[in-house]
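One structure is given below, encoded as structure tokens.
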Amino acid sequence: MGRRQPTDHSFGDSSRPAHEEGGGRRHVPSCEDARVVDADVVDAVLRTARAVLADRIEEAVRSDASFCEELARRVADFTLEGGKRMRPRLLWWGMRSCGAAETAAALRLGVALELIQSCALIHDDVMDRSRLRRGKPAVHIGLAERAGLSPDSGRGSVFGTSAAVLAGDLALVWADDTVAETVLSAVQRRRIGALWRAMRTEMVAGQYLDLRGQVSGGSSVAQALRTARLKSASYSVERPLAMGAALAGADDRTTDALRSAGRCAGIAFQLRDDLLGVFGDPALTGKPSGDDIREGKSTYLLAVGRRWAEAAGDEQALAVLGRVTGDADLTEEDLADVRGVLEMTGARAHVERRAERLRDHAVRRLGQAVDVEGHSGRQLLGLLRTVSGERAAHSPGTAGETDGGGTGAAGASPVLIATEGGNGG
């Protein structure tokens with residue numbers, strides 16, 4: 001697809017390439033570098049992210065030095081220091097499997113996806129009152145401590161959570177700015193703009209439904225599944241794939257099949273995360289086991305357990321779920337009781353089977369969209385299998401052939417990746 005100056009400015013005036021030398025902008029790989037990016041997508045995304053965020057830091061310091069040092073740099077560091085870069089990798093291989101090499105645009109949009117993920121995680125930790133993220137203090141905890149306050153004190157808690165809301169807002173602003181400054185054709189800008197707007201709304205809707213489920217005492221099975229799709233599947237997998245297809249100018253049939261594959265893999269991604277939240281090893285997941293139960297989250301796993309206990313008339317099982325769900329002081333004994341209920345009712349096995357069926361459907365739909373025998377298609381197939389929780393490596397080749405130095409589809413850990421959906425990452 002030929003590149004031309006954009007005429008649709010729904011995300012602002014992009015008449016000058018954002019990666020152009022001069023004007024404070026730093027170099028990112030050009031379209032001729034697509035094969036270099038293929039060899040290590042994660043590294044290319046990080047290089048682009050450093051350039052984009054260096055510009056944002058320059059803008060922040062001009063606003064106020066203390067704001068820059070205490071808040072803006074924390075957002076930049078949070079974005080750069082963690083995660084598997086799954087969303088930009090899905091965007092990249094979605095684009096490449098559709099036969100395109102819009103390198104600069106794809107990498108910048110990948111950075112925007114990382115920034116909107118930072119927004120989601122920072123805000124999510126505030127809402128869930130989580131103290132850890134990626135094995136480190138959550139942003140609201142770190143901000144309170146940076147200010148010399150105890151995060152457990154009233155003053156420290158208020159400051160930390162309020163400042164973290166602003167940090168998440170800043171990440172979202174930077175994400176929007178990054179999209180706005182990306183050079184796209186008029187057609188690309190219309191398609192990407194529509195996907196970006198829908199994705200932001202879906203992410204907020206999913207988070208709201210999650211919160212509402214916590215205060216309402218639980219959601220139906222159908223509502224829990226819808227929350228999983230909105231909160232995780234859409235912005236984690238489906239929309240990044242669709243953005244890659246949009247960059248490539250893919251037709252409707254291909255785009256629809258890619259979106260369907262991404263939606264199924266993304267829901268499986270969240271169902272696996274629900275399972276890990278109850279049955280996972282904290283040493284592998286990076287977060288305490290049972291947090292979803294402590295927070296009263298209405299996950300699909302708990303919704304199925306509750307419905308099947310009701311259908312069986314099992315008052316004892318219902319009493320356990322009612323007693324411990326939402327209990328901030330959940331003990332290991334309580335957690336063992338919940339695990340027993342979820343296994344005895346068959347909820348755990350059902351969710352595992354559902355995730356497997358969704359993974360299989362994702363693989364079939366991907367095969368209808370792209371050539372999964374070609375290099376790019378194989379990379380995308382491996383990513384979707386990994387995202388959806390498949391434990392065996394399927395992509396052949398060395399680490400360098402699987403998306404960069406062991407971080408690709410075959411080399412990645414399904415357990416660790418699953419924790420990056422929804423509340424993970």
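We name chains A, B, ... following the order of the structure tokens; residues begin at 1 in each chain, and ligands are numbered from 1 as shown.
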So which bits of segment 176-367 of chain A end up helix (DSSP H, G or I) when you DSSP the backbone, as a PyMOL selection string?
-> chain A and resi 176-180+186-216+221-248+252-279+282-285+291-294+300-311+315-324+332-344+347-367
Counting only C-alpha atoms, which residues in segment 214-270 of chain A sit no more than 9 Å from segment 174-190 of chain A? For each one, give the nearest pair of atoms and the distance in Å, sorted by chain then residue number, as a tab-separated table.
residue	atom	partner	partner_atom	distance
A:Ala246	CA	A:Gln188	CA	6.3
A:Leu247	CA	A:Gln188	CA	5.9
A:Ala248	CA	A:Gln188	CA	8.5
A:Gly249	CA	A:Gln188	CA	7.5
Can I get the residues of segment 342-387 of chain A within 12 Å of segment 224-233 of chain A, each with the closest pair of atoms and their distance in Å to one decimal, using only C-alpha atoms, sorted chain first then ascending number, as a tab-separated table?
residue	atom	partner	partner_atom	distance
A:Val351	CA	A:Leu225	CA	11.0
A:Arg354	CA	A:Leu225	CA	11.1
A:Ala355	CA	A:Leu225	CA	11.6
A:Leu358	CA	A:Ala233	CA	11.7
A:Leu384	CA	A:Ala233	CA	11.7
A:Val387	CA	A:Ala233	CA	10.2
So which residues touch Ala303 of chain A within 10 Å, counting only C-alpha atoms, skipping near sequence neighbours fewer than 2 positions away, as a PyMOL selection string?
-> chain A and resi 218-225+297-301+305-309+347
Residues of the last selection are to be written out with N, CA, C and O atoms, as a short mmCIF file (atom, residue, chain, number, x, y, z; two decimals), in the first residue's frame.
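Written file, out_32.cif:
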data_model
loop_
_atom_site.label_atom_id
_atom_site.label_comp_id
_atom_site.auth_asym_id
_atom_site.auth_seq_id
_atom_site.Cartn_x
_atom_site.Cartn_y
_atom_site.Cartn_z
N GLY A 218 -22.33 -10.69 42.41
CA GLY A 218 -22.10 -11.72 41.40
C GLY A 218 -22.89 -11.48 40.13
O GLY A 218 -23.97 -10.91 40.15
N SER A 219 -22.33 -11.92 39.01
CA SER A 219 -22.97 -11.79 37.71
C SER A 219 -23.43 -13.16 37.23
O SER A 219 -23.00 -14.20 37.72
N SER A 220 -24.31 -13.14 36.24
CA SER A 220 -24.69 -14.38 35.58
C SER A 220 -23.51 -14.91 34.79
O SER A 220 -22.53 -14.18 34.54
N VAL A 221 -23.60 -16.15 34.36
CA VAL A 221 -22.53 -16.73 33.55
C VAL A 221 -22.35 -15.94 32.27
O VAL A 221 -21.22 -15.63 31.86
N ALA A 222 -23.46 -15.58 31.63
CA ALA A 222 -23.38 -14.83 30.38
C ALA A 222 -22.75 -13.46 30.59
O ALA A 222 -21.92 -13.00 29.80
N GLN A 223 -23.13 -12.79 31.68
CA GLN A 223 -22.57 -11.46 31.95
C GLN A 223 -21.09 -11.56 32.29
O GLN A 223 -20.30 -10.70 31.90
N ALA A 224 -20.70 -12.58 33.01
CA ALA A 224 -19.28 -12.75 33.34
C ALA A 224 -18.45 -12.96 32.08
O ALA A 224 -17.34 -12.44 31.96
N LEU A 225 -19.02 -13.72 31.12
CA LEU A 225 -18.30 -13.95 29.87
C LEU A 225 -18.21 -12.66 29.06
O LEU A 225 -17.18 -12.37 28.44
N LYS A 297 -14.50 -10.36 42.77
CA LYS A 297 -14.69 -10.29 41.32
C LYS A 297 -15.63 -11.40 40.85
O LYS A 297 -15.51 -12.54 41.27
N SER A 298 -16.53 -11.03 39.97
CA SER A 298 -17.48 -12.00 39.45
C SER A 298 -16.91 -12.63 38.18
O SER A 298 -17.32 -12.31 37.06
N THR A 299 -15.94 -13.51 38.35
CA THR A 299 -15.31 -14.15 37.20
C THR A 299 -16.22 -15.23 36.63
O THR A 299 -17.15 -15.71 37.28
N TYR A 300 -15.91 -15.63 35.41
CA TYR A 300 -16.67 -16.71 34.78
C TYR A 300 -16.55 -17.99 35.60
O TYR A 300 -17.52 -18.73 35.77
N LEU A 301 -15.37 -18.24 36.13
CA LEU A 301 -15.14 -19.44 36.95
C LEU A 301 -16.07 -19.47 38.16
O LEU A 301 -16.73 -20.48 38.43
N GLY A 305 -19.34 -21.94 38.95
CA GLY A 305 -19.41 -22.68 40.21
C GLY A 305 -20.70 -22.39 40.96
O GLY A 305 -21.35 -23.31 41.49
N ARG A 306 -21.09 -21.12 41.01
CA ARG A 306 -22.32 -20.74 41.72
C ARG A 306 -23.56 -21.32 41.02
O ARG A 306 -24.45 -21.85 41.67
N ARG A 307 -23.58 -21.21 39.69
CA ARG A 307 -24.76 -21.71 38.97
C ARG A 307 -24.90 -23.21 39.11
O ARG A 307 -26.01 -23.73 39.30
N TRP A 308 -23.80 -23.94 39.02
CA TRP A 308 -23.89 -25.40 39.10
C TRP A 308 -24.21 -25.86 40.52
O TRP A 308 -24.88 -26.87 40.71
N ALA A 309 -23.73 -25.11 41.51
CA ALA A 309 -24.10 -25.45 42.89
C ALA A 309 -25.59 -25.22 43.10
O ALA A 309 -26.27 -26.02 43.77
N ALA A 347 -16.79 -26.92 38.04
CA ALA A 347 -16.57 -25.61 37.42
C ALA A 347 -15.16 -25.49 36.85
O ALA A 347 -14.98 -24.98 35.74
#
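Using only C-alpha atoms, the nearest neighbour of Ser376 of chain A within the list A:Cys98, A:Ala65, A:Val75, A:Ala54 is A:Cys98.
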